[in-house]
$ cat query35.txt   # compact mmCIF, C-alpha atoms and all ligand atoms
# COMPACT_ATOMS: atom_id res chain seq x y z
CA MET A 1 125.68 50.03 95.19
CA ASP A 2 124.29 49.50 91.68
CA ILE A 3 126.49 48.06 88.93
CA PHE A 4 126.88 51.36 87.08
CA THR A 5 128.11 53.16 90.21
CA GLN A 6 130.47 50.25 90.93
CA ALA A 7 131.81 50.45 87.39
CA LYS A 8 132.56 54.17 87.67
CA LYS A 9 134.20 53.68 91.06
CA LEU A 10 136.40 50.87 89.71
CA LEU A 11 137.69 53.11 86.92
CA GLU A 12 138.47 55.81 89.48
CA GLN A 13 140.23 53.35 91.81
CA ASN A 14 142.36 52.00 88.99
CA ARG A 15 143.40 55.47 87.79
CA ARG A 16 147.11 56.26 88.01
CA ILE A 17 149.26 59.30 87.24
CA THR A 18 152.94 58.82 86.41
CA ASP A 19 155.19 61.64 85.23
CA GLY A 20 152.08 63.69 84.52
CA HIS A 21 150.52 60.93 82.37
CA GLN A 22 147.11 59.77 83.50
CA TYR A 23 145.90 56.26 82.66
CA THR A 24 143.86 53.37 84.07
CA VAL A 25 145.27 49.95 84.97
CA PRO A 26 143.03 47.02 83.95
CA SER A 27 143.37 45.33 87.36
CA GLU A 28 145.26 46.70 90.35
CA GLU A 29 146.44 43.27 91.43
CA HIS A 30 147.07 41.46 88.12
CA TYR A 31 147.70 44.16 85.51
CA PRO A 32 149.42 47.17 87.10
CA TYR A 33 150.52 48.71 83.77
CA GLN A 34 148.81 50.44 80.84
CA TRP A 35 147.53 48.30 77.94
CA LEU A 36 146.59 49.55 74.49
CA TRP A 37 143.13 48.17 73.78
CA ASP A 38 142.22 48.31 77.46
CA SER A 39 142.95 52.06 77.45
CA CYS A 40 140.76 52.47 74.38
CA PHE A 41 137.93 50.67 76.20
CA HIS A 42 138.51 52.91 79.22
CA ALA A 43 138.38 55.98 76.99
CA ILE A 44 135.10 54.82 75.41
CA ILE A 45 133.58 54.24 78.87
CA LEU A 46 134.93 57.48 80.36
CA ALA A 47 133.60 59.43 77.38
CA GLN A 48 130.16 58.85 78.92
CA PHE A 49 130.80 60.76 82.13
CA ASP A 50 134.35 62.15 82.33
CA PRO A 51 135.49 63.31 78.86
CA GLU A 52 138.72 64.89 80.05
CA ALA A 53 139.81 61.61 81.70
CA ALA A 54 138.90 59.85 78.43
CA ARG A 55 141.12 62.25 76.48
CA GLU A 56 143.96 61.76 79.00
CA GLU A 57 143.71 58.00 78.60
CA LEU A 58 144.31 58.31 74.86
CA ARG A 59 147.01 60.94 75.21
CA SER A 60 148.97 58.70 77.58
CA ILE A 61 148.66 55.54 75.47
CA LEU A 62 149.87 57.47 72.41
CA SER A 63 152.71 59.14 74.31
CA ARG A 64 155.15 56.23 73.90
CA GLN A 65 154.63 55.73 70.19
CA LEU A 66 157.79 54.37 68.57
CA PRO A 67 159.53 56.25 65.73
CA SER A 68 158.13 53.63 63.33
CA GLY A 69 154.60 54.72 64.28
CA MET A 70 153.87 51.55 66.25
CA VAL A 71 151.89 52.00 69.43
CA PRO A 72 153.11 49.43 71.98
CA HIS A 73 150.58 47.20 73.66
CA ILE A 74 151.99 47.82 77.16
CA ILE A 75 153.54 50.88 78.77
CA TYR A 76 155.14 49.89 82.07
CA TRP A 77 155.42 53.43 83.44
CA LYS A 78 157.90 52.20 86.02
CA PRO A 79 161.64 52.09 85.50
CA GLY A 80 163.49 48.80 85.35
CA ILE A 81 160.53 46.45 84.83
CA LEU A 82 161.65 43.32 83.07
CA HIS A 83 158.68 41.76 81.44
CA LEU A 84 157.89 39.07 78.93
CA PHE A 85 157.51 41.53 76.07
CA ASP A 86 160.47 43.77 76.81
CA TRP A 87 162.73 44.03 73.86
CA GLY A 88 165.12 46.83 73.32
CA VAL A 89 162.55 49.57 73.81
CA GLU A 90 162.80 51.26 77.15
CA GLY A 91 159.62 51.01 79.19
CA THR A 92 157.25 49.50 76.63
CA SER A 93 156.50 46.20 74.94
CA SER A 94 157.50 45.58 71.32
CA LEU A 95 154.12 44.22 70.26
CA THR A 96 150.92 46.05 69.46
CA GLN A 97 147.25 45.15 70.09
CA PRO A 98 143.93 45.49 68.22
CA PRO A 99 144.11 49.03 66.84
CA MET A 100 141.24 50.79 68.64
CA PRO A 101 142.59 54.34 69.24
CA ALA A 102 140.91 56.08 66.27
CA TYR A 103 137.55 54.55 67.15
CA ALA A 104 137.98 55.62 70.79
CA ALA A 105 138.99 59.15 69.73
CA TRP A 106 135.93 59.45 67.49
CA GLU A 107 133.69 58.16 70.29
CA ILE A 108 135.04 60.78 72.69
CA HIS A 109 134.42 63.49 70.10
CA ARG A 110 130.97 62.15 69.21
CA ARG A 111 129.87 62.50 72.82
CA ASN A 112 131.85 65.66 73.68
CA PRO A 113 132.93 67.53 70.54
CA ASP A 114 136.48 68.81 70.87
CA VAL A 115 138.21 69.57 67.58
CA ALA A 116 141.41 70.79 69.26
CA PHE A 117 141.82 67.41 70.98
CA LEU A 118 141.39 65.53 67.71
CA GLU A 119 143.89 67.85 66.01
CA SER A 120 146.40 67.26 68.82
CA ILE A 121 146.42 63.46 68.32
CA TYR A 122 145.72 63.28 64.58
CA LEU A 123 149.31 62.85 63.37
CA ALA A 124 150.02 60.16 65.97
CA LEU A 125 146.90 58.25 64.88
CA LEU A 126 147.78 58.58 61.21
CA ALA A 127 151.34 57.36 61.86
CA TYR A 128 150.05 54.30 63.74
CA TYR A 129 147.66 53.21 60.98
CA ARG A 130 150.33 53.92 58.36
CA PHE A 131 152.71 51.67 60.30
CA LEU A 132 150.18 48.82 60.30
CA ILE A 133 149.42 49.20 56.61
CA GLU A 134 152.99 49.71 55.43
CA LYS A 135 154.94 47.45 57.79
CA ARG A 136 152.50 44.69 58.66
CA ASP A 137 151.52 43.81 55.11
CA PRO A 138 154.84 42.99 53.43
CA GLN A 139 153.10 41.00 50.69
CA ASP A 140 150.97 44.01 49.83
CA HIS A 141 147.83 41.90 49.91
CA HIS A 142 145.90 44.35 52.10
CA LEU A 143 145.65 42.02 55.07
CA ILE A 144 147.47 43.06 58.21
CA GLY A 145 149.47 40.40 60.02
CA ILE A 146 150.20 39.86 63.68
CA VAL A 147 153.52 38.37 64.81
CA ASN A 148 152.36 36.98 68.16
CA PRO A 149 148.97 35.89 69.56
CA ASP A 150 149.23 38.57 72.24
CA GLU A 151 148.79 41.12 69.43
CA SER A 152 145.26 39.80 68.95
CA GLY A 153 144.47 40.58 72.60
CA GLU A 154 143.35 36.93 72.90
CA ASP A 155 146.68 35.69 74.12
CA ASN A 156 145.98 31.95 74.46
CA SER A 157 143.02 31.60 72.08
CA SER A 158 142.44 28.19 70.53
CA ARG A 159 142.22 29.99 67.18
CA PHE A 160 146.03 30.01 67.08
CA ASP A 161 146.63 26.41 68.17
CA GLY A 162 147.76 25.43 64.65
CA PRO A 163 150.51 28.03 64.21
CA MET A 164 151.47 27.74 67.89
CA SER A 165 151.60 23.91 67.72
CA ALA A 166 149.42 23.89 70.84
CA ALA A 167 147.45 20.79 71.83
CA PRO A 168 143.68 21.26 72.42
CA ASP A 169 144.12 20.42 76.12
CA ILE A 170 147.24 22.58 76.65
CA THR A 171 147.71 23.94 80.18
CA TYR A 172 148.05 27.63 80.99
CA LYS A 173 151.74 27.28 81.82
CA GLU A 174 152.51 25.24 78.72
CA HIS A 175 150.86 27.88 76.58
CA LEU A 176 152.75 30.67 78.30
CA ALA A 177 155.99 28.78 77.62
CA LEU A 178 155.11 28.60 73.91
CA ARG A 179 154.48 32.35 73.82
CA GLU A 180 157.75 33.00 75.63
CA LYS A 181 159.57 30.91 73.05
CA LEU A 182 157.88 32.91 70.31
CA ILE A 183 158.96 36.18 71.92
CA GLY A 184 162.53 34.88 71.66
CA GLU A 185 161.96 34.22 67.96
CA ASN A 186 160.26 37.60 67.49
CA THR A 187 163.27 39.19 69.14
CA ALA A 188 165.61 37.36 66.76
CA CYS A 189 163.74 38.83 63.77
CA LYS A 190 163.54 42.23 65.52
CA PHE A 191 159.74 42.18 65.50
CA ASP A 192 159.99 43.02 61.83
CA ALA A 193 157.05 41.52 59.95
CA GLU A 194 158.95 40.92 56.77
CA LEU A 195 161.70 38.99 58.54
CA CYS A 196 159.38 37.16 60.96
CA MET A 197 156.56 36.12 58.67
CA ARG A 198 158.40 33.38 56.81
CA ASP A 199 159.53 31.40 59.81
CA TYR A 200 157.43 32.18 62.83
CA PHE A 201 153.93 33.22 63.77
CA TRP A 202 152.24 35.14 60.95
CA VAL A 203 148.46 35.38 61.22
CA LYS A 204 145.96 37.52 59.37
CA ASP A 205 143.48 37.67 62.20
CA VAL A 206 139.78 38.36 61.61
CA PRO A 207 139.04 40.46 64.72
CA PHE A 208 142.26 42.47 64.29
CA ASN A 209 141.51 43.27 60.64
CA SER A 210 137.80 43.92 61.30
CA ILE A 211 138.71 46.31 64.10
CA LEU A 212 141.25 47.95 61.80
CA VAL A 213 138.64 48.52 59.06
CA GLU A 214 136.26 50.19 61.52
CA ASN A 215 139.10 52.28 62.97
CA LEU A 216 140.17 53.44 59.52
CA ARG A 217 136.59 54.59 58.97
CA ALA A 218 136.81 56.52 62.25
CA LEU A 219 140.15 57.97 61.17
CA ALA A 220 138.54 59.07 57.90
CA HIS A 221 135.78 60.88 59.86
CA ILE A 222 138.41 62.60 61.98
CA ALA A 223 140.51 63.57 58.95
CA SER A 224 137.43 64.87 57.15
CA LEU A 225 136.40 66.99 60.12
CA LEU A 226 139.93 68.40 60.36
CA LYS A 227 140.00 68.95 56.58
CA HIS A 228 142.97 66.65 56.00
CA GLY A 229 141.83 65.43 52.59
CA ASP A 230 144.85 63.16 52.02
CA GLY A 231 144.40 61.42 55.36
CA GLU A 232 140.70 60.92 54.68
CA ARG A 233 141.36 59.37 51.27
CA PHE A 234 144.16 57.18 52.69
CA ALA A 235 141.96 55.86 55.49
CA ASN A 236 138.91 55.19 53.31
CA LEU A 237 140.99 53.57 50.57
CA HIS A 238 142.67 51.14 52.95
CA ALA A 239 139.44 50.36 54.80
CA ASP A 240 137.97 49.30 51.43
CA LEU A 241 141.07 47.38 50.36
CA ILE A 242 141.24 45.43 53.65
CA ALA A 243 137.50 44.70 53.60
CA ASP A 244 137.80 43.38 50.01
CA ALA A 245 140.88 41.28 50.83
CA MET A 246 139.15 39.78 53.87
CA ARG A 247 136.25 38.79 51.64
CA GLU A 248 138.56 37.27 49.06
CA ARG A 249 140.92 35.34 51.35
CA LEU A 250 139.21 34.84 54.73
CA PHE A 251 135.53 34.19 53.88
CA GLU A 252 134.23 30.63 53.54
CA ASP A 253 131.00 28.81 54.44
CA GLY A 254 129.25 32.07 55.32
CA VAL A 255 131.78 33.18 57.96
CA TYR A 256 135.24 34.72 58.23
CA TRP A 257 138.24 32.62 59.35
CA SER A 258 141.68 33.86 60.35
CA ALA A 259 144.51 32.60 58.16
CA SER A 260 148.14 31.76 58.73
CA GLY A 261 151.37 31.93 56.79
CA LEU A 262 152.34 33.15 53.35
CA ASP A 263 149.71 30.93 51.71
CA TYR A 264 146.72 32.02 53.86
CA THR A 265 145.88 28.62 55.32
CA LYS A 266 142.55 29.09 57.07
CA LEU A 267 142.59 28.37 60.81
CA LYS A 268 139.37 26.38 61.00
CA ILE A 269 138.68 26.68 64.71
CA ALA A 270 135.26 28.24 65.31
CA THR A 271 135.65 31.24 67.63
CA TRP A 272 133.87 34.56 68.19
CA ALA A 273 135.98 35.77 65.22
CA HIS A 274 132.86 34.81 63.24
CA PHE A 275 131.03 37.75 64.88
CA ALA A 276 133.80 40.37 64.85
CA PRO A 277 133.16 41.38 61.20
CA MET A 278 129.68 42.57 62.20
CA PHE A 279 131.41 45.34 64.18
CA ALA A 280 132.76 46.65 60.86
CA GLY A 281 129.64 45.86 58.81
CA LEU A 282 131.49 43.29 56.68
CA TYR A 283 128.57 40.87 56.29
CA SER A 284 125.54 41.60 54.11
CA GLU A 285 122.19 41.78 55.94
CA GLU A 286 121.36 38.21 54.85
CA GLU A 287 124.76 36.87 55.85
CA ALA A 288 124.58 38.57 59.23
CA ASP A 289 121.12 37.15 59.80
CA ARG A 290 122.44 33.65 59.13
CA VAL A 291 125.53 34.15 61.32
CA VAL A 292 123.35 35.34 64.21
CA ARG A 293 120.76 32.58 63.89
CA THR A 294 123.03 29.63 63.19
CA HIS A 295 126.07 30.55 65.31
CA LEU A 296 125.55 33.36 67.84
CA LEU A 297 122.20 32.12 69.14
CA ASN A 298 123.04 28.42 68.94
CA PRO A 299 123.33 26.92 72.46
CA ASP A 300 125.35 24.01 71.08
CA THR A 301 128.09 26.33 69.83
CA PHE A 302 128.34 29.93 71.11
CA TYR A 303 125.23 30.87 73.09
CA GLY A 304 125.83 30.08 76.77
CA THR A 305 123.22 30.67 79.47
CA PHE A 306 125.41 33.40 81.00
CA GLY A 307 127.54 34.63 78.14
CA ILE A 308 128.74 34.25 74.58
CA ARG A 309 131.49 31.64 74.35
CA THR A 310 134.75 32.84 72.83
CA VAL A 311 135.26 29.36 71.34
CA SER A 312 132.50 27.09 70.06
CA LYS A 313 131.43 24.35 72.45
CA ARG A 314 131.85 21.89 69.61
CA GLU A 315 135.61 22.48 69.38
CA GLU A 316 137.85 19.92 71.03
CA ALA A 317 139.81 22.77 72.63
CA TYR A 318 136.68 24.29 74.25
CA ARG A 319 136.72 24.50 78.02
CA ALA A 320 134.24 26.62 79.93
CA ASP A 321 135.94 26.45 83.28
CA GLY A 322 139.05 28.42 82.33
CA TYR A 323 142.38 27.95 84.08
CA ALA A 324 143.02 28.06 87.81
CA ASP A 325 146.33 29.87 87.23
CA GLY A 326 145.27 32.54 84.73
CA PHE A 327 142.85 33.83 82.13
CA SER A 328 141.56 31.77 79.23
CA TRP A 329 140.51 32.71 75.71
CA ARG A 330 139.63 29.06 75.10
CA GLY A 331 135.89 29.30 75.74
CA PRO A 332 135.08 31.66 78.64
CA ALA A 333 133.04 34.82 78.04
CA TRP A 334 134.81 38.21 78.03
CA MET A 335 133.15 41.60 78.42
CA ALA A 336 134.99 43.23 75.53
CA VAL A 337 133.76 40.47 73.23
CA HIS A 338 130.23 41.09 74.48
CA TRP A 339 130.72 44.79 73.73
CA PHE A 340 132.00 44.19 70.17
CA ILE A 341 129.08 41.85 69.51
CA TYR A 342 126.65 44.34 71.04
CA ARG A 343 127.91 47.10 68.73
CA GLY A 344 127.84 44.72 65.77
CA LEU A 345 124.25 43.71 66.43
CA LEU A 346 123.15 47.35 66.70
CA ARG A 347 124.82 48.08 63.40
CA TYR A 348 122.49 45.52 61.80
CA GLY A 349 119.47 46.93 63.64
CA ARG A 350 119.17 43.84 65.88
CA LYS A 351 118.10 45.65 69.03
CA ALA A 352 116.51 42.68 70.78
CA GLU A 353 119.63 40.53 70.53
CA ALA A 354 121.82 43.49 71.54
CA ALA A 355 119.62 44.06 74.60
CA ASP A 356 120.03 40.37 75.45
CA ILE A 357 123.84 40.72 75.38
CA ARG A 358 123.56 43.74 77.66
CA GLU A 359 121.33 41.83 80.10
CA LYS A 360 123.71 38.87 80.11
CA SER A 361 126.63 41.21 80.82
CA LEU A 362 124.82 42.88 83.71
CA ALA A 363 123.77 39.53 85.14
CA LEU A 364 127.38 38.29 85.04
CA LEU A 365 128.60 41.35 86.95
CA ARG A 366 125.79 41.02 89.51
CA ARG A 367 126.53 37.36 90.01
CA SER A 368 130.34 37.32 89.99
CA GLY A 369 131.61 40.89 90.15
CA PHE A 370 134.16 42.59 87.89
CA ARG A 371 136.17 39.53 86.93
CA GLU A 372 138.46 39.09 83.95
CA CYS A 373 136.38 36.39 82.27
CA PHE A 374 133.46 34.11 83.08
CA ASN A 375 132.26 30.56 82.68
CA PRO A 376 129.56 31.07 80.01
CA ASP A 377 127.50 28.16 81.29
CA THR A 378 127.53 28.83 85.06
CA GLY A 379 128.45 32.54 85.21
CA GLU A 380 131.31 31.84 87.60
CA GLY A 381 134.07 34.49 87.51
CA GLN A 382 137.62 33.62 86.45
CA GLY A 383 141.04 35.28 86.32
CA ALA A 384 141.79 38.79 87.62
CA ARG A 385 139.51 40.58 90.07
CA GLY A 386 138.64 44.27 89.93
CA PHE A 387 138.98 44.02 86.13
CA THR A 388 137.84 47.14 84.30
CA TRP A 389 136.29 45.60 81.18
CA GLY A 390 133.00 44.99 83.02
CA ALA A 391 132.56 48.78 82.99
CA LEU A 392 131.86 48.49 79.25
CA VAL A 393 128.23 47.90 80.30
CA LEU A 394 128.13 51.68 80.78
CA ASP A 395 128.51 51.92 77.02
CA MET A 396 125.82 49.34 76.27
CA ASN A 397 123.05 51.88 76.55
CA GLU A 398 121.69 52.20 73.06
CA ALA A 399 119.41 49.15 73.03
C1 LIG A 401 145.24 39.83 79.19
C2 LIG A 401 144.27 39.88 78.00
C3 LIG A 401 144.58 41.07 77.12
C4 LIG A 401 144.54 42.34 77.96
C5 LIG A 401 145.49 42.23 79.17
C6 LIG A 401 145.37 43.39 80.13
O1 LIG A 401 146.55 39.63 78.74
O2 LIG A 401 144.34 38.69 77.27
O3 LIG A 401 143.65 41.18 76.08
O4 LIG A 401 144.88 43.45 77.21
O5 LIG A 401 145.20 41.05 79.89
O6 LIG A 401 144.05 43.50 80.58
$ encode --input "query35.txt" --output "structure tokens"
Amino acid sequence: MDIFTQAKKLLEQNRRITDGHQYTVPSEEHYPYQWLWDSCFHAIILAQFDPEAAREELRSILSRQLPSGMVPHIIYWKPGILHLFDWGVEGTSSLTQPPMPAYAAWEIHRRNPDVAFLESIYLALLAYYRFLIEKRDPQDHHLIGIVNPDESGEDNSSRFDGPMSAAPDITYKEHLALREKLIGENTACKFDAELCMRDYFWVKDVPFNSILVENLRALAHIASLLKHGDGERFANLHADLIADAMRERLFEDGVYWSASGLDYTKLKIATWAHFAPMFAGLYSEEEADRVVRTHLLNPDTFYGTFGIRTVSKREEAYRADGYADGFSWRGPAWMAVHWFIYRGLLRYGRKAEAADIREKSLALLRRSGFRECFNPDTGEGQGARGFTWGALVLDMNEA
């Protein structure tokens, strides 16, 4: 069976329906719930060949939005599940994840125009982005903060070792224990950014903010189409403000760095966060050219034979071989990162490099199957099996 057929089959196998809500679990064995950015990836993939399933995926992930507007990063869909992120809210986590729903909604519409669908989710989308902008930026500096590394989607990334007080050679279990401790602290400050930011984890993350900028642009397109002038102006204004603030506070030495705390201390660990701003067009053509040539294509830092490293090989924390007991964002290649980079490269007209990322992604799947992450130097699969993100290759078809 070819990879594309396998990818479609995997999404079908991992499809679930609970209480009339249809969604896809990222891995039957390891991740039997619904995750926020995973569902957005699923929607983007499904938009290619099953638009109604794509719309269902977004409807279900938005269906447990909290009154504050926050969209939780996990919906358990099963009663009584006690999980690491459970806090006070029945059946969902109390964290969010990179805010991809508007982008996914616009992708679905772009491929299969359906104004009624966009209208049906518009207010939920607007409320979510309003929540991020109003509640996650208590200093009013136009940079959105995350209160826990899991909100970045890169749960144990070396990028956060400073604020997490994690050693470069930390084990999987030790890191999990640190995140559990932080969840206790998050719970104590009620997951409220204003209360949490002074004492605990408070990071203005580059991928999160880049993804937000691009999603606000998508929201503006949706609002414009639906003739919601206020929503369009709101989304465009904040996309500009965040892009400007990122430039002012997170840009140094030709790349963007995440920053921590009230004083914006830059977290100088080189990770794929250098490439995420390309997804939102935040580098000039010249800057992007330099980032691609000196970082992305550099075998001594990010360019592995089999995949793009999530952490530079030159970092002390870098380890290609992942963890035996779980996933690792400390070097291994991940398909969603490949996809973001692919889209970013296309945005800058770099078709040859984008095609290379696509070929690398396909080769990884052929060699090791639909695994959670991969050793970028050997191509060996790591973490969960039957993991849906590999199906993003179905969306790498424009170069
Ligand atoms: C892991 C990943 C996270 C993803 C989740 C479900 O926790 O780090 O990004 O959303 O698995 O696939």
$ residues_around --input "query35.txt" --residues "Pro277 (chain A)" --least-positions-apart "2" --cutoff "10 Å" --atoms "only C-alpha atoms" --output "list of chain:residue names"
A:Val206, A:Pro207, A:Phe208, A:Asn209, A:Ser210, A:Ile211, A:Val213, A:Glu214, A:Ala243, A:Met246, A:Val255, A:Tyr256, A:Trp272, A:Ala273, A:His274, A:Phe275, A:Phe279, A:Ala280, A:Gly281, A:Leu282, A:Tyr283, A:Ala288, A:Phe340, A:Ile341, A:Gly344
$ closest_atom_pairs --input "query35.txt" --of "region 190-286 of chain A" --to "region 145-160 of chain A" --cutoff "9 Å" --atoms "all atoms listed in the file" --output "tab-separated table"
residue	atom	partner	partner_atom	distance
A:Phe191	CA	A:Val147	CA	7.3
A:Asp192	CA	A:Val147	CA	8.5
A:Ala193	CA	A:Val147	CA	6.8
A:Cys196	CA	A:Val147	CA	7.1
A:Met197	CA	A:Val147	CA	7.2
A:Tyr200	CA	A:Val147	CA	7.6
A:Phe201	CA	A:Val147	CA	5.3
A:Trp202	CA	A:Val147	CA	5.2
A:Val203	CA	A:Gly145	CA	5.3
A:Lys204	CA	A:Gly145	CA	4.6
A:Asp205	CA	A:Gly145	CA	6.9
A:Pro207	CA	A:Ser152	CA	7.6
A:Phe208	CA	A:Ser152	CA	6.2
A:Asn209	CA	A:Gly145	CA	8.5
A:Ser258	CA	A:Arg159	CA	7.9
A:Ser260	CA	A:Phe160	CA	8.8
A:Leu267	CA	A:Arg159	CA	6.6
A:Lys268	CA	A:Arg159	CA	7.7
A:Ile269	CA	A:Arg159	CA	5.4
A:Ala270	CA	A:Arg159	CA	7.4
A:Thr271	CA	A:Arg159	CA	6.7
A:Ala273	CA	A:Arg159	CA	8.7
$ closest_atom_pairs --input "query35.txt" --of "chain A" --to "ligand LIG 401 (chain A)" --cutoff "8 Å" --atoms "only C-alpha atoms and all ligand atoms" --output "JSON lines"
{"residue": "A:Val25", "atom": "CA", "partner": "A:LIG401", "partner_atom": "O6", "distance": 7.9}
{"residue": "A:Pro26", "atom": "CA", "partner": "A:LIG401", "partner_atom": "O6", "distance": 5.0}
{"residue": "A:Ser27", "atom": "CA", "partner": "A:LIG401", "partner_atom": "O6", "distance": 7.1}
{"residue": "A:Tyr31", "atom": "CA", "partner": "A:LIG401", "partner_atom": "C6", "distance": 5.9}
{"residue": "A:Gln34", "atom": "CA", "partner": "A:LIG401", "partner_atom": "C6", "distance": 7.9}
{"residue": "A:Trp35", "atom": "CA", "partner": "A:LIG401", "partner_atom": "O4", "distance": 5.6}
{"residue": "A:Leu36", "atom": "CA", "partner": "A:LIG401", "partner_atom": "O4", "distance": 6.9}
{"residue": "A:Trp37", "atom": "CA", "partner": "A:LIG401", "partner_atom": "O4", "distance": 6.1}
{"residue": "A:Asp38", "atom": "CA", "partner": "A:LIG401", "partner_atom": "O4", "distance": 5.5}
{"residue": "A:His73", "atom": "CA", "partner": "A:LIG401", "partner_atom": "O4", "distance": 7.7}
{"residue": "A:Gln97", "atom": "CA", "partner": "A:LIG401", "partner_atom": "O4", "distance": 7.7}
{"residue": "A:Asp150", "atom": "CA", "partner": "A:LIG401", "partner_atom": "O2", "distance": 7.0}
{"residue": "A:Ser152", "atom": "CA", "partner": "A:LIG401", "partner_atom": "O3", "distance": 7.4}
{"residue": "A:Gly153", "atom": "CA", "partner": "A:LIG401", "partner_atom": "O3", "distance": 3.6}
{"residue": "A:Glu154", "atom": "CA", "partner": "A:LIG401", "partner_atom": "O2", "distance": 4.8}
{"residue": "A:Asp155", "atom": "CA", "partner": "A:LIG401", "partner_atom": "O2", "distance": 4.9}
{"residue": "A:Asn156", "atom": "CA", "partner": "A:LIG401", "partner_atom": "O2", "distance": 7.5}
{"residue": "A:Phe327", "atom": "CA", "partner": "A:LIG401", "partner_atom": "O2", "distance": 7.0}
{"residue": "A:Ser328", "atom": "CA", "partner": "A:LIG401", "partner_atom": "O2", "distance": 7.7}
{"residue": "A:Trp329", "atom": "CA", "partner": "A:LIG401", "partner_atom": "O2", "distance": 7.3}
{"residue": "A:Glu372", "atom": "CA", "partner": "A:LIG401", "partner_atom": "O6", "distance": 7.9}
{"residue": "A:Phe387", "atom": "CA", "partner": "A:LIG401", "partner_atom": "O6", "distance": 7.5}
$ residues_around --input "query35.txt" --residues "region 110-120 of chain A" --least-positions-apart "4" --cutoff "8 Å" --atoms "all atoms listed in the file" --output "ChimeraX atom specification"
/A:47-48,51,55,105-106,222,226
$ atom_distance --input "query35.txt" --atom1 "CA of Leu392 (chain A)" --atom2 "CA of Glu353 (chain A)"
17.0 Å
$ closest_residue --input "query35.txt" --among "A:Arg290, A:Lys266, A:His221, A:Lys135" --to "Ala235 (chain A)" --atoms "only C-alpha atoms"
A:His221
$ residues_around --input "query35.txt" --residues "Asn298 (chain A)" --least-positions-apart "6" --cutoff "10 Å" --atoms "all atoms listed in the file" --output "list in words"
Val291, Val292, Gly304, Ile308, Ser312 and Lys313 of chain A
$ residues_around --input "query35.txt" --residues "Asp230 (chain A)" --least-positions-apart "5" --cutoff "12 Å" --atoms "all atoms listed in the file" --output "list in words"
Leu126, Leu219, Ala220, Ile222, Ala223, Ser224, Ala235, Asn236 and Leu237 of chain A
$ atom_distance --input "query35.txt" --atom1 "CA of Trp257 (chain A)" --atom2 "CA of Glu180 (chain A)"
25.4 Å
$ atom_distance --input "query35.txt" --atom1 "CA of Tyr348 (chain A)" --atom2 "CA of Asn397 (chain A)"
16.1 Å
$ residues_around --input "query35.txt" --residues "Leu178 (chain A)" --least-positions-apart "6" --cutoff "9 Å" --atoms "all atoms listed in the file" --output "JSON, numbers by chain"
{"A": [164, 165, 166]}
$ write_last_selection --input "query35.txt" --atoms "C-alpha atoms" --output "PDB file, in the frame of the given file"
ATOM      1  CA  MET A 164     151.470  27.740  67.890  1.00  0.00           C
ATOM      2  CA  SER A 165     151.600  23.910  67.720  1.00  0.00           C
ATOM      3  CA  ALA A 166     149.420  23.890  70.840  1.00  0.00           C
TER       4      ALA A 166
END
$ closest_residue --input "query35.txt" --among "A:Ser63, A:Asn14, A:Thr24, A:Thr305" --to "Thr92 (chain A)" --atoms "only C-alpha atoms"
A:Ser63
$ closest_residue --input "query35.txt" --among "A:Gln65, A:Gln139, A:Thr187, A:Thr18" --to "Pro79 (chain A)" --atoms "only C-alpha atoms"
A:Thr18
$ closest_residue --input "query35.txt" --among "A:Lys8, A:Glu52, A:Arg319, A:Pro163" --to "Leu182 (chain A)" --atoms "only C-alpha atoms"
A:Pro163
